[in-house]
$ cat input_21.cif   # mmCIF, C-alpha atoms
data_query
loop_
_atom_site.label_atom_id
_atom_site.label_comp_id
_atom_site.auth_asym_id
_atom_site.auth_seq_id
_atom_site.Cartn_x
_atom_site.Cartn_y
_atom_site.Cartn_z
CA MET E 1 -19.97 -78.24 33.12
CA SER E 2 -18.87 -74.74 34.19
CA ASP E 3 -15.49 -76.08 35.40
CA LYS E 4 -14.87 -77.73 32.04
CA LEU E 5 -15.83 -74.54 30.22
CA LEU E 6 -13.55 -72.41 32.42
CA THR E 7 -10.69 -74.85 31.83
CA TRP E 8 -11.28 -74.77 28.06
CA ILE E 9 -11.26 -70.96 28.09
CA GLU E 10 -8.05 -70.91 30.13
CA ASN E 11 -6.33 -73.38 27.78
CA HIS E 12 -7.36 -71.51 24.61
CA LYS E 13 -7.33 -67.88 25.76
CA ASN E 14 -4.25 -67.08 23.65
CA ASP E 15 -5.56 -68.63 20.43
CA ASP E 16 -6.25 -66.39 17.42
CA GLY E 17 -9.38 -68.14 16.14
CA ALA E 18 -12.64 -66.29 15.53
CA LEU E 19 -14.41 -68.19 18.32
CA VAL E 20 -11.78 -67.25 20.89
CA GLN E 21 -11.84 -63.63 19.73
CA PHE E 22 -15.62 -63.63 20.19
CA ILE E 23 -15.30 -65.15 23.67
CA ARG E 24 -12.73 -62.51 24.63
CA LEU E 25 -15.07 -59.75 23.50
CA SER E 26 -18.00 -61.38 25.30
CA TYR E 27 -15.96 -61.67 28.49
CA SER E 28 -14.77 -58.05 28.36
CA VAL E 29 -18.42 -56.98 28.08
CA GLY E 30 -19.83 -59.60 30.45
CA GLN E 31 -17.55 -58.82 33.39
CA LYS E 32 -19.15 -55.37 33.66
CA SER E 33 -21.98 -55.71 36.18
CA TYR E 34 -24.04 -52.84 34.77
CA VAL E 35 -24.43 -54.75 31.48
CA HIS E 36 -26.28 -57.59 33.23
CA THR E 37 -28.26 -55.13 35.35
CA THR E 38 -29.45 -53.35 32.21
CA ILE E 39 -30.25 -56.59 30.39
CA SER E 40 -32.17 -57.98 33.39
CA ALA E 41 -34.11 -54.74 33.80
CA LEU E 42 -35.15 -54.60 30.14
CA LEU E 43 -36.10 -58.26 30.00
CA GLY E 44 -37.92 -57.95 33.31
CA ILE E 45 -39.98 -55.05 31.98
CA PHE E 46 -40.93 -56.53 28.63
CA ALA E 47 -41.53 -60.15 29.68
CA PRO E 48 -44.71 -59.40 31.74
CA ILE E 49 -46.03 -57.14 28.96
CA LEU E 50 -45.65 -59.91 26.40
CA TYR E 51 -47.33 -62.37 28.76
CA GLU E 52 -50.32 -60.09 29.30
CA LYS E 53 -50.72 -59.59 25.56
CA GLY E 54 -50.67 -63.33 24.95
CA LYS E 55 -47.38 -63.28 23.05
CA ASN E 56 -46.46 -66.67 24.47
CA ILE E 57 -43.62 -67.48 22.08
CA LEU E 58 -41.92 -64.12 22.65
CA PHE E 59 -42.57 -64.44 26.40
CA ILE E 60 -40.85 -67.85 26.50
CA LEU E 61 -38.00 -66.45 24.40
CA PHE E 62 -37.51 -63.61 26.90
CA LEU E 63 -37.50 -66.09 29.79
CA ILE E 64 -34.81 -68.11 28.00
CA LEU E 65 -32.79 -64.91 27.48
CA ILE E 66 -33.07 -64.08 31.19
CA ILE E 67 -31.74 -67.55 32.09
CA LEU E 68 -28.94 -67.32 29.51
CA ASP E 69 -27.91 -63.91 30.83
CA GLY E 70 -27.73 -65.40 34.33
CA ILE E 71 -25.45 -68.18 33.07
CA TYR E 72 -23.41 -65.63 31.10
CA ALA E 73 -22.93 -63.49 34.22
CA TYR E 74 -22.02 -66.53 36.34
CA ILE E 75 -19.33 -67.74 33.91
CA CYS E 76 -17.81 -64.26 33.54
CA ASN E 77 -17.77 -63.81 37.31
CA ALA E 78 -16.30 -67.28 37.97
CA TYR E 79 -13.52 -66.81 35.42
CA SER E 80 -12.81 -63.31 36.74
CA LYS E 81 -12.41 -64.70 40.29
CA GLU E 82 -9.99 -67.41 39.15
CA ALA E 83 -8.01 -64.92 37.06
CA TYR E 84 -7.88 -62.55 40.04
CA LYS E 85 -6.47 -65.28 42.29
CA LYS E 86 -3.71 -66.03 39.81
CA ARG E 87 -2.89 -62.36 39.30
CA LYS E 88 -2.78 -61.81 43.04
CA PHE E 89 -0.61 -64.89 43.56
CA ALA E 90 1.78 -63.73 40.82
CA HIS E 91 1.85 -60.23 42.32
CA GLU E 92 2.62 -61.65 45.76
CA ILE E 93 5.47 -63.70 44.31
CA LEU E 94 7.03 -60.61 42.74
CA SER E 95 6.57 -58.65 45.96
CA ASN E 96 7.92 -61.54 48.00
CA GLN E 97 10.99 -61.83 45.81
CA SER E 98 11.78 -58.19 46.44
CA SER E 99 11.20 -58.66 50.17
CA LEU E 100 13.27 -61.84 50.26
CA LEU E 101 16.17 -60.23 48.40
CA LYS E 102 16.13 -57.30 50.84
CA SER E 103 16.19 -59.70 53.79
CA ILE E 104 19.06 -61.63 52.24
CA THR E 105 20.96 -58.40 51.61
CA VAL E 106 20.55 -57.39 55.25
CA GLU E 107 21.79 -60.83 56.33
CA ILE E 108 24.86 -60.56 54.10
CA GLU E 109 25.70 -57.03 55.22
CA ASN E 110 25.35 -57.73 58.94
CA ASN E 111 26.69 -61.25 59.33
CA ASN E 112 30.24 -62.20 58.43
CA ASN E 113 29.26 -65.87 58.50
CA TRP E 114 26.20 -65.36 56.28
CA LYS E 115 27.11 -68.24 53.94
CA SER E 116 26.80 -70.75 56.76
CA LYS E 117 23.27 -69.55 57.54
CA ILE E 118 21.98 -68.49 54.14
CA PHE E 119 20.38 -71.85 53.27
CA LYS E 120 18.28 -71.89 56.44
CA THR E 121 17.50 -68.18 56.27
CA VAL E 122 16.19 -68.36 52.72
CA SER E 123 14.33 -71.63 53.36
CA ASP E 124 12.60 -70.11 56.40
CA LEU E 125 11.55 -67.05 54.42
CA VAL E 126 10.32 -69.08 51.44
CA CYS E 127 8.30 -71.51 53.59
CA GLU E 128 6.68 -68.59 55.40
CA LYS E 129 5.78 -66.78 52.16
CA ILE E 130 4.34 -69.86 50.46
CA TYR E 131 2.31 -70.79 53.55
CA GLN E 132 0.85 -67.29 53.83
CA ASN E 133 0.10 -67.00 50.10
CA PHE E 134 -1.92 -70.21 49.96
CA LYS E 135 -3.74 -69.34 53.19
CA GLU E 136 -4.64 -65.76 52.26
CA ILE E 137 -5.29 -66.07 48.52
CA PHE E 138 -6.60 -69.62 48.05
CA ARG E 139 -7.97 -70.08 51.61
CA CYS E 140 -5.98 -73.31 51.69
CA ASP E 141 -4.15 -74.57 54.79
CA THR E 142 -0.76 -76.14 54.09
CA ARG E 143 2.41 -77.45 55.67
CA VAL E 144 5.51 -76.23 53.86
CA SER E 145 9.00 -77.59 54.47
CA VAL E 146 12.47 -77.94 52.99
CA GLU E 147 14.43 -81.16 53.53
CA TYR E 148 17.92 -82.04 52.34
CA VAL E 149 20.20 -85.06 52.43
CA PHE E 150 23.87 -85.23 53.31
CA ASN E 151 26.53 -87.74 54.27
CA LYS E 152 27.15 -87.71 58.02
CA ASN E 153 30.62 -88.83 59.00
CA PHE E 154 31.43 -90.57 62.29
CA LYS E 155 34.68 -90.98 64.22
CA ASN E 156 35.08 -94.59 63.10
CA ALA E 157 35.21 -93.33 59.49
CA LYS E 158 31.72 -94.66 58.93
CA SER E 159 29.44 -92.52 56.79
CA GLU E 160 25.64 -92.58 56.66
CA LYS E 161 23.21 -90.72 54.46
CA HIS E 162 21.07 -88.52 56.68
CA ILE E 163 18.02 -86.38 56.02
CA LYS E 164 17.28 -83.12 57.79
CA MET E 165 14.43 -80.66 57.66
CA VAL E 166 16.05 -77.24 57.46
CA SER E 167 12.80 -75.31 57.57
CA ARG E 168 9.10 -75.82 58.24
CA ARG E 169 5.96 -73.68 58.35
CA SER E 170 2.49 -74.86 59.31
CA GLY E 171 -0.40 -73.76 61.46
CA LYS E 172 0.76 -75.96 64.35
CA ARG E 173 4.55 -76.21 64.18
CA SER E 174 7.40 -74.20 62.72
CA THR E 175 10.29 -75.88 64.51
CA VAL E 176 12.62 -78.47 62.99
CA ARG E 177 14.21 -81.53 64.51
CA LYS E 178 17.70 -82.98 64.26
CA SER E 179 18.76 -85.08 61.30
CA VAL E 180 18.03 -88.80 61.14
CA GLU E 181 19.31 -91.64 59.03
CA LEU E 182 17.52 -91.67 55.68
CA GLU E 183 16.52 -95.32 56.12
CA LYS E 184 14.46 -94.37 59.17
CA LYS E 185 12.22 -92.21 56.99
CA ARG E 186 10.82 -95.07 54.91
CA LYS E 187 7.26 -94.15 55.85
CA TYR E 188 7.65 -90.71 54.30
CA TYR E 189 7.29 -90.07 50.59
CA ALA E 190 10.43 -87.91 50.62
CA TYR E 191 12.38 -91.12 51.25
CA LYS E 192 11.16 -92.56 47.96
CA ILE E 193 12.01 -89.36 46.11
CA PHE E 194 15.56 -89.28 47.47
CA LEU E 195 16.04 -93.02 47.03
CA ASN E 196 14.94 -93.04 43.39
CA GLU E 197 16.45 -89.65 42.52
CA GLU E 198 13.02 -88.45 41.32
CA GLY E 199 13.89 -84.86 40.46
CA GLY E 200 11.31 -82.28 39.37
CA VAL E 201 7.72 -81.93 40.54
CA ASN E 202 6.35 -84.99 42.35
CA VAL E 203 2.60 -85.01 43.02
CA LEU E 204 0.54 -87.43 45.10
CA ASP E 205 -3.23 -87.19 44.73
CA THR E 206 -5.92 -88.39 47.13
CA THR E 207 -5.90 -91.95 45.78
CA GLU E 208 -2.14 -92.37 46.21
CA LEU E 209 -2.23 -90.79 49.66
CA ASN E 210 -4.58 -93.56 50.79
CA ASP E 211 -1.66 -95.99 50.72
CA LYS E 212 -1.53 -97.44 54.25
CA ASP E 213 2.22 -98.01 53.97
CA ILE E 214 3.10 -94.33 53.98
CA TRP E 215 2.97 -91.88 56.88
CA TYR E 216 0.00 -89.87 55.65
CA LYS E 217 -2.54 -92.61 56.40
CA ASN E 218 -0.93 -93.98 59.53
CA PRO E 219 -3.80 -94.45 62.04
CA MET E 220 -1.61 -92.91 64.75
CA HIS E 221 -1.74 -89.56 62.94
CA THR E 222 -4.82 -87.41 62.54
CA THR E 223 -3.54 -85.12 59.79
CA ASP E 224 -5.54 -85.53 56.59
CA VAL E 225 -3.39 -84.51 53.62
CA LYS E 226 -5.39 -83.97 50.43
CA THR E 227 -2.49 -83.45 48.03
CA TYR E 228 1.29 -83.70 48.35
CA ILE E 229 3.79 -81.78 46.24
CA GLY E 230 7.51 -82.52 46.44
CA ILE E 231 9.70 -80.27 44.28
CA ALA E 232 13.04 -82.07 44.16
CA VAL E 233 16.25 -80.35 43.05
CA LYS E 234 19.52 -81.89 41.89
CA ALA E 235 21.54 -78.80 42.87
CA TYR E 236 24.84 -79.04 40.94
CA ASP E 237 25.10 -82.75 40.07
CA LYS E 238 22.40 -84.00 37.67
CA ASN E 239 22.70 -87.47 39.16
CA ASP E 240 22.49 -86.51 42.82
CA LEU E 241 19.26 -85.22 44.37
CA LYS E 242 19.97 -82.74 47.16
CA PHE E 243 16.85 -81.10 48.57
CA ILE E 244 13.05 -81.02 48.37
CA LEU E 245 10.57 -78.22 48.86
CA GLN E 246 7.44 -79.99 50.13
CA ILE E 247 3.86 -78.76 50.37
CA ASP E 248 1.18 -80.79 52.15
CA PHE E 249 -2.28 -79.48 51.29
CA LEU E 250 -4.65 -79.92 54.24
CA ASP E 251 -7.53 -78.48 52.20
CA THR E 252 -8.57 -79.27 48.65
CA PHE E 253 -6.55 -77.16 46.22
CA ALA E 254 -7.82 -76.69 42.69
CA ILE E 255 -6.91 -74.51 39.72
CA ASN E 256 -9.97 -73.51 37.69
CA GLY E 257 -11.87 -76.23 39.51
CA HIS E 258 -9.36 -78.95 38.63
CA ASN E 259 -6.54 -80.51 40.63
CA SER E 260 -5.09 -83.03 38.20
CA LYS E 261 -1.36 -83.70 38.38
CA ALA E 262 -0.85 -81.85 35.08
CA ASP E 263 -2.69 -78.77 36.41
CA ILE E 264 -0.67 -78.77 39.63
CA ARG E 265 2.65 -79.24 37.81
CA ASP E 266 1.84 -76.32 35.51
CA PHE E 267 0.95 -74.20 38.53
CA VAL E 268 4.21 -75.08 40.29
CA GLU E 269 6.33 -74.35 37.21
CA ASN E 270 4.55 -71.05 36.55
CA TYR E 271 4.35 -69.68 40.08
CA LEU E 272 6.73 -71.47 42.48
CA THR E 273 9.88 -71.66 40.35
CA PRO E 274 11.21 -68.29 41.63
CA TYR E 275 11.13 -69.62 45.19
CA ILE E 276 12.91 -72.82 44.15
CA ASN E 277 15.62 -70.80 42.43
CA LEU E 278 16.25 -68.75 45.58
CA ILE E 279 16.59 -71.88 47.72
CA HIS E 280 18.81 -73.47 45.07
CA VAL E 281 21.27 -70.55 45.06
CA SER E 282 21.32 -70.40 48.86
CA TYR E 283 22.04 -74.14 49.01
CA LEU E 284 24.99 -73.74 46.63
CA LEU E 285 26.34 -70.83 48.67
CA ASN E 286 26.14 -72.99 51.77
CA LEU E 287 28.12 -75.76 50.05
CA ASN E 288 30.68 -73.22 48.90
CA ASN E 289 31.09 -72.10 52.50
CA LYS E 290 31.91 -75.71 53.39
CA LYS E 291 34.48 -75.82 50.55
CA GLU E 292 32.48 -78.60 48.88
CA ILE E 293 32.07 -76.71 45.60
CA PRO E 294 33.86 -73.74 43.95
CA GLU E 295 32.67 -70.14 44.26
CA VAL E 296 29.06 -69.70 43.12
#
$ encode --input "input_21.cif" --output "structure tokens"
Amino acid sequence: MSDKLLTWIENHKNDDGALVQFIRLSYSVGQKSYVHTTISALLGIFAPILYEKGKNILFILFLILIILDGIYAYICNAYSKEAYKKRKFAHEILSNQSSLLKSITVEIENNNNWKSKIFKTVSDLVCEKIYQNFKEIFRCDTRVSVEYVFNKNFKNAKSEKHIKMVSRRSGKRSTVRKSVELEKKRKYYAYKIFLNEEGGVNVLDTTELNDKDIWYKNPMHTTDVKTYIGIAVKAYDKNDLKFILQIDFLDTFAINGHNSKADIRDFVENYLTPYINLIHVSYLLNLNNKKEIPEV
């Protein structure tokens, strides 16, 4: 019930109706701890007096008020905690952007071949920041990675589409492996995204992750992924998917108590877009270095 109420408040907090205005006022008052301390003290003093004097109806009314004040305090506190997490996450993103831009500037100033390394450098920094943010703010363990596809040419003029993880950050491994043919990654959901050109935010919930035909539920692996997010970008050609920022949630992740696909997509669009944009620009700069596209 409280989760639904918190979600309703979050969805309607910017409305101008009288009810929402009243809720805003109630919240601004209710988040102050001394208000509930004062209310509890007064009710606690008068309730026994009314009971001793046989004022049963008033006594019951005071008991109800004590319970309602407890609920009131709980809701205000719960909403305040969720709002704090979002504010802190947003603050970290802004701080991280500044830090990332400084790191990129240092790379550009000190490396003549910076364009050839910028995609990996930025991807490494972004994966690290996202991993740390979820771990420290939401107490949620994740695996964050960036994968991209490219056409690998061979001496016999043969060309194959390959997939490579350019960056990875998790609690167990932060190293990447060499590229492999895309067809060999059929067990991974990224394969489906690249194959079907499914750009945008792709989300797999617990039910979909139980599919025995994908890697996540392979009995040979012990990793239990609760939710998968694959943010796929079509770089410069709207018909050609180029890279994916992936987040595997190893703990349950919820926004205001909910983890529906719509909630997660909204969260990604509101809070992770700046990171995607940085990777996107670095990817284009890398292609420009290879003379595959004009100056960015």
$ resolve_selection --input "input_21.cif" --expression "the PyMOL selection byres ((chain E and resi 148-151) around 6)" --output "PyMOL selection string"
chain E and resi 147+152+160-164+242-243
$ residues_near_point --input "input_21.cif" --point "(22.7, -70.3, 55.7)" --cutoff "12 Å" --atoms "only C-alpha atoms" --output "VMD selection string"
chain E and resid 104 107 to 108 111 to 125 166 to 167 279 to 290
$ closest_residue --input "input_21.cif" --among "E:Asn210, E:Asp141, E:Tyr271, E:Val176" --to "Lys88 in chain E" --atoms "all atoms listed in the file"
E:Tyr271
$ atom_distance --input "input_21.cif" --atom1 "CA of Thr142 in chain E" --atom2 "CA of Ile247 in chain E"
6.5 Å
$ closest_residue --input "input_21.cif" --among "E:Thr175, E:Ser159, E:Cys127, E:Tyr236" --to "Pro294 in chain E" --atoms "all atoms listed in the file"
E:Tyr236
